[in-house]
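The file run.txt comes next; it holds compact mmCIF, C-alpha atoms.
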```txt
# COMPACT_ATOMS: atom_id res chain seq x y z
CA MET A 1 -2.51 59.89 -6.53
CA MET A 2 -5.15 57.16 -6.63
CA THR A 3 -4.25 56.33 -10.23
CA ILE A 4 -0.56 56.07 -9.45
CA LYS A 5 -1.29 53.69 -6.60
CA THR A 6 -3.54 51.51 -8.76
CA THR A 7 -1.00 51.42 -11.56
CA PHE A 8 1.70 50.45 -9.09
CA LEU A 9 -0.40 47.62 -7.68
CA ALA A 10 -1.24 46.38 -11.17
CA ALA A 11 2.44 46.40 -12.09
CA LEU A 12 3.19 44.49 -8.93
CA ALA A 13 0.54 41.89 -9.76
CA VAL A 14 1.87 41.47 -13.30
CA ALA A 15 5.39 41.09 -11.93
CA ALA A 16 4.27 38.46 -9.42
CA LEU A 17 2.34 36.58 -12.09
CA SER A 18 5.23 36.55 -14.54
CA THR A 19 7.60 35.41 -11.79
CA GLY A 20 5.25 32.54 -11.04
CA LEU A 21 5.01 31.55 -14.68
CA ALA A 22 8.77 31.80 -15.06
CA GLY A 23 9.10 29.58 -11.98
CA ALA A 24 6.88 26.91 -13.49
CA ALA A 25 8.75 27.02 -16.78
CA MET A 26 12.06 26.83 -14.93
CA ALA A 27 10.89 23.76 -13.02
CA GLN A 28 10.24 21.98 -16.27
CA GLN A 29 13.61 22.99 -17.65
CA GLN A 30 15.38 21.71 -14.54
CA ARG A 31 14.03 18.20 -15.05
CA ASP A 32 16.27 15.64 -16.64
CA PRO A 33 15.12 15.20 -20.27
CA ALA A 34 14.45 11.48 -19.70
CA TYR A 35 12.31 12.28 -16.66
CA ALA A 36 10.46 15.05 -18.48
CA ALA A 37 9.76 12.67 -21.37
CA ALA A 38 8.54 9.90 -19.04
CA ARG A 39 6.11 12.32 -17.38
CA ALA A 40 4.88 13.62 -20.71
CA ASN A 41 4.26 10.17 -22.20
CA GLY A 42 2.60 8.86 -19.04
CA THR A 43 5.05 6.07 -18.21
CA VAL A 44 5.77 7.79 -14.89
CA GLY A 45 3.06 9.13 -12.60
CA GLU A 46 2.64 11.01 -9.35
CA ARG A 47 1.48 8.87 -6.45
CA MET A 48 -0.64 10.14 -3.56
CA ASN A 49 2.18 9.49 -1.09
CA GLY A 50 4.50 12.12 -2.58
CA TYR A 51 6.60 9.74 -4.64
CA LEU A 52 6.75 8.74 -8.29
CA ALA A 53 5.84 5.38 -9.76
CA VAL A 54 6.27 3.63 -13.07
CA VAL A 55 2.87 3.26 -14.74
CA GLY A 56 2.61 -0.12 -16.43
CA GLU A 57 5.58 -2.37 -17.16
CA GLY A 58 8.46 0.05 -17.59
CA SER A 59 12.03 -0.78 -18.57
CA ALA A 60 14.71 -1.52 -16.00
CA GLU A 61 16.22 1.84 -16.88
CA LEU A 62 12.96 3.62 -16.15
CA GLN A 63 12.53 1.74 -12.88
CA ARG A 64 16.02 2.79 -11.84
CA MET A 65 15.39 6.42 -12.75
CA VAL A 66 12.19 6.48 -10.69
CA ALA A 67 13.95 4.83 -7.74
CA ASP A 68 16.71 7.47 -7.89
CA LEU A 69 14.22 10.32 -8.09
CA ASN A 70 12.26 8.90 -5.17
CA ASN A 71 15.40 8.59 -3.09
CA SER A 72 16.16 12.23 -3.82
CA ARG A 73 12.61 13.18 -2.92
CA ARG A 74 12.85 11.29 0.36
CA ARG A 75 16.06 13.15 1.17
CA ALA A 76 14.39 16.48 0.39
CA TYR A 77 11.33 15.59 2.50
CA THR A 78 13.48 14.38 5.37
CA GLY A 79 15.48 17.60 5.44
CA ASP A 80 12.42 19.85 5.27
CA THR A 81 9.93 18.03 7.52
CA PRO A 82 9.18 20.47 10.35
CA GLU A 83 9.29 19.58 14.00
CA GLY A 84 6.21 17.68 15.10
CA ALA A 85 5.40 16.24 11.67
CA THR A 86 6.34 12.84 10.28
CA LEU A 87 8.09 12.14 6.99
CA GLU A 88 4.94 10.38 5.74
CA GLN A 89 2.72 13.33 6.59
CA TYR A 90 5.06 15.75 4.86
CA ALA A 91 5.48 13.53 1.80
CA PHE A 92 1.72 13.04 1.53
CA THR A 93 1.19 16.81 1.63
CA ALA A 94 3.80 17.27 -1.11
CA GLY A 95 1.94 14.56 -3.06
CA CYS A 96 -1.27 16.63 -2.87
CA ILE A 97 0.58 19.57 -4.36
CA ALA A 98 2.55 17.57 -6.92
CA ILE A 99 -0.68 16.00 -8.22
CA TRP A 100 -2.31 19.43 -8.32
CA ARG A 101 0.59 20.69 -10.44
CA THR A 102 0.54 17.86 -12.99
CA GLU A 103 0.18 19.04 -16.57
CA PRO A 104 -2.51 17.77 -18.97
CA GLY A 105 -1.50 14.33 -20.27
CA GLU A 106 0.54 13.43 -17.20
CA LYS A 107 -0.46 10.53 -14.97
CA TYR A 108 -1.44 10.72 -11.33
CA GLN A 109 -2.89 8.36 -8.76
CA ALA A 110 -6.54 8.94 -7.81
CA PRO A 111 -7.80 8.33 -4.23
CA ASP A 112 -9.09 4.88 -5.27
CA GLY A 113 -5.54 3.95 -6.29
CA SER A 114 -6.18 3.97 -10.04
CA TRP A 115 -3.99 5.82 -12.51
CA GLN A 116 -5.62 8.80 -14.11
CA THR A 117 -4.53 11.12 -16.89
CA ARG A 118 -4.70 14.81 -16.12
CA VAL A 119 -7.23 16.50 -18.35
CA ALA A 120 -6.91 20.15 -19.34
CA GLY A 121 -9.35 22.41 -17.55
CA GLN A 122 -10.26 19.76 -14.97
CA PRO A 123 -8.86 19.56 -11.45
CA PRO A 124 -7.20 16.25 -10.59
CA MET A 125 -9.06 13.76 -8.38
CA ARG A 126 -7.31 14.10 -5.06
CA ASP A 127 -7.65 12.84 -1.52
CA ALA A 128 -10.38 14.70 0.39
CA ARG A 129 -7.77 15.83 2.91
CA CYS A 130 -5.72 17.72 0.31
CA PRO A 131 -5.85 21.52 0.42
CA PRO A 132 -8.32 22.85 -2.17
CA ALA A 133 -5.80 25.12 -3.89
CA PRO A 134 -2.25 24.53 -2.69
CA ALA A 135 0.17 27.42 -2.54
CA ARG A 136 2.28 27.63 -5.65
CA MET B 137 -3.29 -14.70 27.73
CA THR B 138 -1.94 -15.96 31.05
CA THR B 139 -5.43 -16.13 32.48
CA ALA B 140 -6.68 -18.12 29.54
CA LYS B 141 -3.79 -20.54 29.93
CA LEU B 142 -4.46 -20.98 33.61
CA THR B 143 -8.17 -21.49 33.37
CA CYS B 144 -8.59 -23.01 29.94
CA GLY B 145 -8.11 -26.65 30.92
CA ALA B 146 -9.43 -26.24 34.46
CA GLN B 147 -11.96 -28.79 35.63
CA ARG B 148 -14.34 -28.78 38.51
CA GLY B 149 -13.21 -30.29 41.75
CA HIS B 150 -14.29 -33.90 42.36
CA LYS B 151 -14.07 -36.66 44.95
CA VAL B 152 -11.65 -39.51 44.36
CA PRO B 153 -12.33 -42.85 46.05
CA MET B 154 -9.52 -44.41 48.08
CA GLN B 155 -7.43 -46.88 46.10
CA GLU B 156 -4.70 -49.41 46.78
CA PRO B 157 -1.38 -47.69 46.10
CA TRP B 158 -0.32 -50.22 43.39
CA MET B 159 -3.53 -49.90 41.44
CA ILE B 160 -3.93 -47.51 38.55
CA PRO B 161 -7.57 -46.69 39.02
CA MET B 162 -9.87 -46.69 36.02
CA ARG B 163 -10.91 -43.16 36.86
CA THR B 164 -7.34 -41.87 36.61
CA VAL B 165 -6.91 -43.60 33.25
CA ARG B 166 -10.10 -42.02 32.04
CA THR B 167 -9.04 -38.60 33.28
CA MET B 168 -5.67 -38.98 31.54
CA LEU B 169 -7.37 -40.00 28.31
CA VAL B 170 -9.70 -37.06 28.51
CA ALA B 171 -6.78 -34.75 29.29
CA MET B 172 -4.82 -36.09 26.30
CA ALA B 173 -7.83 -35.72 24.04
CA GLY B 174 -8.22 -32.18 25.31
CA LEU B 175 -4.59 -31.26 24.58
CA PRO B 176 -5.07 -29.99 21.03
CA MET B 177 -8.01 -27.96 22.28
CA LEU B 178 -5.85 -26.53 25.03
CA THR B 179 -3.17 -25.54 22.52
CA GLY B 180 -5.88 -23.89 20.43
CA CYS B 181 -6.55 -21.56 23.30
CA VAL B 182 -3.12 -19.97 23.13
CA THR B 183 -2.11 -20.42 19.50
CA VAL B 184 -2.43 -17.44 17.19
CA ASN B 185 -2.43 -18.36 13.52
CA ALA B 186 -0.46 -15.94 11.34
CA PRO B 187 -2.44 -14.71 8.32
CA ALA B 188 -1.26 -15.78 4.89
CA GLU B 189 -1.07 -12.22 3.55
CA PRO B 190 1.55 -9.80 4.87
CA ILE B 191 0.33 -7.48 7.58
CA VAL B 192 -0.05 -3.97 6.20
CA ILE B 193 -0.07 -1.14 8.66
CA GLU B 194 -2.12 1.75 7.35
CA LEU B 195 0.06 4.80 7.89
CA ASN B 196 -2.42 7.19 6.35
CA ILE B 197 -4.56 7.18 9.46
CA ASN B 198 -2.07 9.58 11.03
CA ILE B 199 -2.45 12.07 8.19
CA THR B 200 -5.29 14.39 9.05
CA GLN B 201 -6.55 17.32 7.00
CA GLU B 202 -5.43 19.68 9.74
CA VAL B 203 -1.86 18.41 9.53
CA ILE B 204 -1.82 18.66 5.73
CA TYR B 205 -3.08 22.25 5.78
CA ARG B 206 -0.37 23.16 8.26
CA LEU B 207 2.36 21.55 6.13
CA ALA B 208 1.11 22.72 2.73
CA GLU B 209 3.18 25.89 2.45
CA ASP B 210 6.43 24.21 3.48
CA ALA B 211 5.80 21.26 1.20
CA GLY B 212 5.17 23.64 -1.70
CA ASN B 213 8.52 25.29 -1.00
CA THR B 214 10.27 21.93 -0.88
CA ILE B 215 8.92 21.19 -4.35
CA ASP B 216 9.99 24.60 -5.66
CA ASP B 217 13.46 24.25 -4.18
CA ASN B 218 13.92 20.81 -5.74
CA ALA B 219 12.24 21.45 -9.07
CA GLY B 220 14.42 18.96 -10.93
CA ILE B 221 13.05 15.94 -9.07
CA PHE B 222 9.40 17.02 -9.02
```
Please rewrite the model in this file as structure tokens.
Amino acid sequence: MMTIKTTFLAALAVAALSTGLAGAAMAQQQRDPAYAAARANGTVGERMNGYLAVVGEGSAELQRMVADLNNSRRRAYTGDTPEGATLEQYAFTAGCIAIWRTEPGEKYQAPDGSWQTRVAGQPPMRDARCPPAPAR
Amino acid sequence: MTTAKLTCGAQRGHKVPMQEPWMIPMRTVRTMLVAMAGLPMLTGCVTVNAPAEPIVIELNINITQEVIYRLAEDAGNTIDDNAGIF
């Protein structure tokens, strides 16, 4: 009986883990190829305020893409911000999580405002107010 | 602000000697000169000079750790539900 229960729990854990991994992979697939490429090559980075920014000069096309994505993000934040919270608070919280979820090689904004490259095996430098390990 | 305006140029009370009505007494002239000289100073009392740089209001002061912790789960869901733009 005990063994059955343990096996069941283990199966459940594996299922949850694979769902999570599949979710992360799906998120990457859902990105527009141009956006995915800009993240990967570090021309677009995650800001602390929950929005994207062009890192460095950036073409007019890239600027426009980032502006469009940020408008979409603002819409999403606006629709989901719970009662009693402000858009800025909600966006900042999402920024904490988005920076946490950056992949190695991607750019993010550190608390001092500088652009940093995410390094494999190292947590990103985030604002002290960010949750230590945000829910995935 | 109003108080400063009212009291800024105020002077102490003083006695004025009797004068012939047609005379402009020296004392009055002096007072007027002093008052005119004091005008820029008086304006200085109520003028606020705008800074050269734009005024930036720091919005982050409203974002406390407590608020972020409370919003974290919802914000994570927002990201998951809009994976294409995150």
Compute the set of chain B residues within 7 Å of chain A, using all atoms listed in the file, and express it as a PDB file with C-alpha atoms, keeping the file's coordinate frame.
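File produced: iface.pdb:
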```pdb
ATOM      1  CA  ILE B 199      -2.450  12.070   8.190  1.00  0.00           C
ATOM      2  CA  THR B 200      -5.290  14.390   9.050  1.00  0.00           C
ATOM      3  CA  GLN B 201      -6.550  17.320   7.000  1.00  0.00           C
ATOM      4  CA  ILE B 204      -1.820  18.660   5.730  1.00  0.00           C
ATOM      5  CA  TYR B 205      -3.080  22.250   5.780  1.00  0.00           C
ATOM      6  CA  LEU B 207       2.360  21.550   6.130  1.00  0.00           C
ATOM      7  CA  ALA B 208       1.110  22.720   2.730  1.00  0.00           C
ATOM      8  CA  GLU B 209       3.180  25.890   2.450  1.00  0.00           C
ATOM      9  CA  ALA B 211       5.800  21.260   1.200  1.00  0.00           C
ATOM     10  CA  GLY B 212       5.170  23.640  -1.700  1.00  0.00           C
ATOM     11  CA  THR B 214      10.270  21.930  -0.880  1.00  0.00           C
ATOM     12  CA  ALA B 219      12.240  21.450  -9.070  1.00  0.00           C
ATOM     13  CA  GLY B 220      14.420  18.960 -10.930  1.00  0.00           C
ATOM     14  CA  ILE B 221      13.050  15.940  -9.070  1.00  0.00           C
TER      15      ILE B 221
END
```
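Note that atom CA of Gly45 of chain A and atom CA of Ile215 of chain B are 15.7 Å apart.
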In Å, rounded to a single decimal, give me how far atom CA of Asp216 of chain B is from atom CA of Trp100 of chain A.
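Between atom CA of Trp100 of chain A and atom CA of Asp216 of chain B the gap works out to 13.6 Å.
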Record the distance separating atom CA of Ser59 of chain A and atom CA of Arg75 of chain A, expressed in Å with one decimal.
24.5 Å
Selected residue, from A:Val55, A:Arg118, A:Leu87, A:Arg126, that lies nearest to Asn198 of chain B when counting all atoms listed in the file:
A:Leu87
